[in-house]
Amino acid sequence: MYVTLNISATSIRLLSVKGKKIEKWGSIPLAPGLVRDGLIVQPKAVGEVIDALFKAMKVPKRRVITTVTGVSFTYRILSLPEMKPALLEEAILRGARREMPLPLEDLYLSWQAIGSEHSERDFFVLGVPQALTNALLQTLAEAGIKPYLMDLKPLALARAANRGDALIVALEPDSFDIVLIANGIPAIMHAMTLQGEGANLEDKVRRLTDELSKTVEFY
């Protein structure tokens, strides 16, 4: 059994899966101000809510896959010449330091090979701010959870679509995600937090369609 846990600024959602069958799902509201722009501001309070949700649904705290909606990230596709495996990490770090807008010291970095052509290999390199990740880990510890996997929502959406070419849109009450997949690779990933207390559904949809148009035009 696997349990997915999604934390947003307004709620916490849980879903348990056994094999290919969904066993249980549920959610619990979150008080305003506990999570802002993907940062869990009060890990202890959020951890207590997560613990209460697991107990209410009688779901074990094992194999928990978790993400935070609206978390910021940066990514690049690096093309590197073929080289010995022992030299690869240093080459990727050097390329990421040159290409990424944030200092590598502030990021947790991960990468995966996504293809090769001629004498080069492409790598998808992802950086997530350490402060956001550390806050999530502290929150899970408060809830008595050791995460099995930590995921980025746009990448999870890309895998769930399982298409070579796709335009994926996910609209939440307080945020949205846009993922453009080309040739099986996330070419553009865009996550945005919706601001404004008085924004209604029409305002949010209008903002989403505007960003969607910009994304397609940019690509």
# chains A, B, ... in the order shown; residues from 1 in each chain; ligands from 1

$ residues_around --residues "range 3-19 of chain A" --least-positions-apart "4" --cutoff "7 Å" --atoms "only C-alpha atoms" --output "number ranges by chain"
A: 23-32, 34-36, 63-69

$ write_last_selection --atoms "all heavy atoms" --output "compact mmCIF listing (two decimals), in the first residue's frame"
# COMPACT_ATOMS: atom_id res chain seq x y z
N GLU A 23 -7.95 2.70 -2.22
CA GLU A 23 -8.59 2.16 -1.02
C GLU A 23 -9.41 3.22 -0.28
O GLU A 23 -10.57 3.02 0.04
CB GLU A 23 -7.52 1.58 -0.09
CG GLU A 23 -6.77 0.39 -0.66
CD GLU A 23 -7.55 -0.89 -0.55
OE1 GLU A 23 -8.12 -1.16 0.52
OE2 GLU A 23 -7.62 -1.64 -1.55
N LYS A 24 -8.76 4.36 0.02
CA LYS A 24 -9.42 5.42 0.79
C LYS A 24 -8.92 6.77 0.29
O LYS A 24 -7.83 6.88 -0.24
CB LYS A 24 -9.10 5.29 2.29
CG LYS A 24 -9.60 4.04 2.97
CD LYS A 24 -9.20 4.05 4.44
CE LYS A 24 -9.71 2.81 5.16
NZ LYS A 24 -9.31 2.80 6.59
N TRP A 25 -9.75 7.78 0.50
CA TRP A 25 -9.30 9.14 0.27
C TRP A 25 -10.08 10.09 1.16
O TRP A 25 -11.21 9.79 1.57
CB TRP A 25 -9.45 9.55 -1.20
CG TRP A 25 -10.86 9.70 -1.68
CD1 TRP A 25 -11.64 10.83 -1.65
CD2 TRP A 25 -11.68 8.69 -2.26
NE1 TRP A 25 -12.88 10.59 -2.18
CE2 TRP A 25 -12.93 9.27 -2.57
CE3 TRP A 25 -11.48 7.34 -2.55
CZ2 TRP A 25 -13.97 8.54 -3.16
CZ3 TRP A 25 -12.51 6.62 -3.14
CH2 TRP A 25 -13.74 7.23 -3.42
N GLY A 26 -9.46 11.21 1.47
CA GLY A 26 -10.13 12.17 2.32
C GLY A 26 -9.31 13.45 2.43
O GLY A 26 -8.17 13.52 1.95
N SER A 27 -9.88 14.46 3.04
CA SER A 27 -9.19 15.74 3.19
C SER A 27 -9.61 16.39 4.50
O SER A 27 -10.64 16.02 5.10
CB SER A 27 -9.49 16.66 2.01
OG SER A 27 -10.87 17.01 1.98
N ILE A 28 -8.82 17.37 4.90
CA ILE A 28 -9.12 18.13 6.11
C ILE A 28 -8.69 19.58 5.86
O ILE A 28 -7.65 19.81 5.26
CB ILE A 28 -8.39 17.51 7.32
CG1 ILE A 28 -8.84 18.14 8.63
CG2 ILE A 28 -6.89 17.63 7.17
CD1 ILE A 28 -8.35 17.38 9.86
N PRO A 29 -9.53 20.55 6.24
CA PRO A 29 -9.16 21.95 5.98
C PRO A 29 -7.99 22.39 6.86
O PRO A 29 -7.75 21.84 7.93
CB PRO A 29 -10.44 22.72 6.33
CG PRO A 29 -11.19 21.83 7.26
CD PRO A 29 -10.86 20.43 6.86
N LEU A 30 -7.28 23.39 6.35
CA LEU A 30 -6.13 23.93 7.06
C LEU A 30 -6.39 25.40 7.36
O LEU A 30 -6.87 26.14 6.50
CB LEU A 30 -4.88 23.79 6.19
CG LEU A 30 -3.52 23.68 6.87
CD1 LEU A 30 -3.49 22.54 7.88
CD2 LEU A 30 -2.44 23.47 5.81
N ALA A 31 -6.09 25.82 8.57
CA ALA A 31 -6.32 27.22 8.96
C ALA A 31 -5.45 28.15 8.11
O ALA A 31 -4.33 27.81 7.75
CB ALA A 31 -6.00 27.40 10.44
N PRO A 32 -5.96 29.33 7.78
CA PRO A 32 -5.19 30.28 6.97
C PRO A 32 -3.87 30.66 7.64
O PRO A 32 -3.78 30.79 8.86
CB PRO A 32 -6.12 31.49 6.86
CG PRO A 32 -7.49 30.96 7.12
CD PRO A 32 -7.31 29.84 8.10
N LEU A 34 -0.98 28.98 7.77
CA LEU A 34 -0.06 27.92 8.16
C LEU A 34 0.89 27.55 7.03
O LEU A 34 2.02 27.11 7.26
CB LEU A 34 -0.83 26.67 8.61
CG LEU A 34 -1.72 26.84 9.85
CD1 LEU A 34 -2.37 25.52 10.23
CD2 LEU A 34 -0.92 27.38 11.03
N VAL A 35 0.41 27.72 5.78
CA VAL A 35 1.23 27.44 4.59
C VAL A 35 1.11 28.64 3.66
O VAL A 35 0.00 29.07 3.33
CB VAL A 35 0.78 26.16 3.86
CG1 VAL A 35 1.64 25.92 2.63
CG2 VAL A 35 0.84 24.97 4.80
N ARG A 36 2.25 29.18 3.22
CA ARG A 36 2.22 30.34 2.33
C ARG A 36 3.24 30.14 1.21
O ARG A 36 4.42 29.91 1.47
CB ARG A 36 2.55 31.63 3.09
CG ARG A 36 1.44 32.10 4.02
CD ARG A 36 1.62 33.58 4.37
NE ARG A 36 2.87 33.84 5.06
CZ ARG A 36 2.99 33.89 6.38
NH1 ARG A 36 1.94 33.69 7.15
NH2 ARG A 36 4.17 34.14 6.94
N ARG A 63 5.15 4.12 3.64
CA ARG A 63 5.21 4.38 2.20
C ARG A 63 4.41 5.62 1.82
O ARG A 63 3.54 5.58 0.95
CB ARG A 63 4.73 3.16 1.42
CG ARG A 63 5.69 1.98 1.50
CD ARG A 63 5.35 0.91 0.50
NE ARG A 63 6.37 -0.13 0.45
CZ ARG A 63 6.36 -1.13 -0.42
NH1 ARG A 63 5.38 -1.24 -1.28
NH2 ARG A 63 7.32 -2.03 -0.40
N VAL A 64 4.70 6.70 2.50
CA VAL A 64 4.00 7.97 2.26
C VAL A 64 4.76 8.77 1.20
O VAL A 64 5.95 9.06 1.34
CB VAL A 64 3.87 8.78 3.56
CG1 VAL A 64 3.21 10.13 3.27
CG2 VAL A 64 3.07 8.00 4.59
N ILE A 65 4.05 9.12 0.13
CA ILE A 65 4.59 9.95 -0.94
C ILE A 65 3.96 11.33 -0.80
O ILE A 65 2.74 11.46 -0.80
CB ILE A 65 4.26 9.36 -2.32
CG1 ILE A 65 4.82 7.93 -2.42
CG2 ILE A 65 4.83 10.23 -3.43
CD1 ILE A 65 4.35 7.18 -3.66
N THR A 66 4.79 12.35 -0.66
CA THR A 66 4.24 13.66 -0.29
C THR A 66 4.71 14.78 -1.20
O THR A 66 5.77 14.69 -1.82
CB THR A 66 4.62 13.99 1.17
OG1 THR A 66 4.02 15.21 1.57
CG2 THR A 66 6.13 14.12 1.32
N THR A 67 3.89 15.82 -1.29
CA THR A 67 4.25 17.02 -2.04
C THR A 67 3.53 18.22 -1.40
O THR A 67 2.56 18.05 -0.66
CB THR A 67 3.84 16.90 -3.52
OG1 THR A 67 4.36 18.01 -4.25
CG2 THR A 67 2.33 16.89 -3.69
N VAL A 68 4.04 19.40 -1.72
CA VAL A 68 3.41 20.63 -1.26
C VAL A 68 2.99 21.44 -2.48
O VAL A 68 3.82 21.74 -3.35
CB VAL A 68 4.36 21.47 -0.38
CG1 VAL A 68 3.68 22.76 0.06
CG2 VAL A 68 4.80 20.66 0.84
N THR A 69 1.72 21.77 -2.58
CA THR A 69 1.22 22.57 -3.70
C THR A 69 1.79 23.98 -3.63
O THR A 69 1.79 24.60 -2.58
CB THR A 69 -0.32 22.63 -3.68
OG1 THR A 69 -0.83 21.31 -3.89
CG2 THR A 69 -0.85 23.54 -4.76

$ select_by_dssp --residues "range 169-213 of chain A" --states "alpha helix (DSSP H)" --output "PyMOL selection string"
chain A and resi 201-213

$ closest_residue --among "A:Leu208, A:Leu167, A:Leu194, A:Leu152" --to "Ala182 in chain A" --atoms "only C-alpha atoms"
A:Leu167

$ atom_distance --atom1 "CA of Gly164 in chain A" --atom2 "CA of Ile185 in chain A"
7.5 Å

$ select_by_dssp --residues "range 4-205 of chain A" --states "strand (DSSP E or B)" --output "PyMOL selection string"
chain A and resi 4-7+11-18+21-29+35-36+39-40+64-68+74-81+107-117+120-129+149-150+166-171+175-182+185-193

$ atom_distance --atom1 "CA of Ser110 in chain A" --atom2 "CA of Ala141 in chain A"
22.5 Å

$ closest_residue --among "A:Ile181, A:Leu80, A:Asn134, A:Leu140" --to "Ala160 in chain A" --atoms "only C-alpha atoms"
A:Ile181

$ closest_residue --among "A:Ala199, A:Asn183, A:Ala135, A:Ile178" --to "Val41 in chain A" --atoms "only C-alpha atoms"
A:Ala135

$ residues_around --residues "Leu201 in chain A" --least-positions-apart "4" --cutoff "9 Å" --atoms "only C-alpha atoms" --output "PyMOL selection string"
chain A and resi 173+205-206

$ write_last_selection --atoms "N, CA and C atoms" --output "compact mmCIF listing (two decimals), in the first residue's frame"
# COMPACT_ATOMS: atom_id res chain seq x y z
N PRO A 173 -7.84 25.85 -5.50
CA PRO A 173 -8.47 27.07 -4.97
C PRO A 173 -7.50 28.23 -4.81
N VAL A 205 -9.97 31.67 -13.22
CA VAL A 205 -9.95 31.04 -14.54
C VAL A 205 -9.37 32.00 -15.58
N ARG A 206 -9.73 33.28 -15.46
CA ARG A 206 -9.20 34.29 -16.38
C ARG A 206 -7.67 34.38 -16.25

$ residues_around --residues "range 81-97 of chain A" --least-positions-apart "5" --cutoff "7 Å" --atoms "only C-alpha atoms" --output "MDAnalysis selection string"
chainID A and resid 103:104 119:121

$ write_last_selection --atoms "all heavy atoms" --output "PDB file, in the first residue's frame"
ATOM      1  N   PRO A 103      21.666  30.206  -6.068  1.00  0.00           N
ATOM      2  CA  PRO A 103      22.905  29.544  -5.641  1.00  0.00           C
ATOM      3  C   PRO A 103      22.642  28.067  -5.315  1.00  0.00           C
ATOM      4  O   PRO A 103      21.641  27.738  -4.657  1.00  0.00           O
ATOM      5  CB  PRO A 103      23.307  30.316  -4.386  1.00  0.00           C
ATOM      6  CG  PRO A 103      22.566  31.614  -4.458  1.00  0.00           C
ATOM      7  CD  PRO A 103      21.299  31.329  -5.183  1.00  0.00           C
ATOM      8  N   LEU A 104      23.526  27.189  -5.752  1.00  0.00           N
ATOM      9  CA  LEU A 104      23.338  25.760  -5.498  1.00  0.00           C
ATOM     10  C   LEU A 104      23.366  25.449  -4.006  1.00  0.00           C
ATOM     11  O   LEU A 104      22.767  24.471  -3.565  1.00  0.00           O
ATOM     12  CB  LEU A 104      24.429  24.949  -6.210  1.00  0.00           C
ATOM     13  CG  LEU A 104      24.454  24.999  -7.739  1.00  0.00           C
ATOM     14  CD1 LEU A 104      25.344  23.895  -8.285  1.00  0.00           C
ATOM     15  CD2 LEU A 104      23.057  24.899  -8.330  1.00  0.00           C
ATOM     16  N   SER A 119      27.381  12.639 -29.669  1.00  0.00           N
ATOM     17  CA  SER A 119      28.308  12.328 -28.579  1.00  0.00           C
ATOM     18  C   SER A 119      27.932  13.088 -27.311  1.00  0.00           C
ATOM     19  O   SER A 119      28.773  13.351 -26.454  1.00  0.00           O
ATOM     20  CB  SER A 119      29.737  12.657 -28.983  1.00  0.00           C
ATOM     21  OG  SER A 119      29.825  14.025 -29.347  1.00  0.00           O
ATOM     22  N   GLU A 120      26.629  13.446 -27.176  1.00  0.00           N
ATOM     23  CA  GLU A 120      26.170  14.189 -26.002  1.00  0.00           C
ATOM     24  C   GLU A 120      25.016  13.469 -25.325  1.00  0.00           C
ATOM     25  O   GLU A 120      24.302  12.673 -25.947  1.00  0.00           O
ATOM     26  CB  GLU A 120      25.730  15.605 -26.396  1.00  0.00           C
ATOM     27  CG  GLU A 120      26.875  16.517 -26.814  1.00  0.00           C
ATOM     28  CD  GLU A 120      26.412  17.962 -26.929  1.00  0.00           C
ATOM     29  OE1 GLU A 120      25.211  18.176 -27.170  1.00  0.00           O
ATOM     30  OE2 GLU A 120      27.250  18.861 -26.766  1.00  0.00           O
ATOM     31  N   ARG A 121      24.831  13.784 -24.047  1.00  0.00           N
ATOM     32  CA  ARG A 121      23.710  13.238 -23.286  1.00  0.00           C
ATOM     33  C   ARG A 121      23.001  14.387 -22.581  1.00  0.00           C
ATOM     34  O   ARG A 121      23.641  15.283 -22.046  1.00  0.00           O
ATOM     35  CB  ARG A 121      24.198  12.215 -22.265  1.00  0.00           C
ATOM     36  CG  ARG A 121      23.080  11.637 -21.398  1.00  0.00           C
ATOM     37  CD  ARG A 121      23.571  10.512 -20.525  1.00  0.00           C
ATOM     38  NE  ARG A 121      23.978   9.353 -21.319  1.00  0.00           N
ATOM     39  CZ  ARG A 121      24.333   8.193 -20.779  1.00  0.00           C
ATOM     40  NH1 ARG A 121      24.357   8.054 -19.463  1.00  0.00           N
ATOM     41  NH2 ARG A 121      24.683   7.187 -21.545  1.00  0.00           N
TER      42      ARG A 121
END

$ closest_residue --among "A:Phe54, A:Phe123, A:Tyr108, A:Phe218" --to "Ile77 in chain A" --atoms "only C-alpha atoms"
A:Phe123
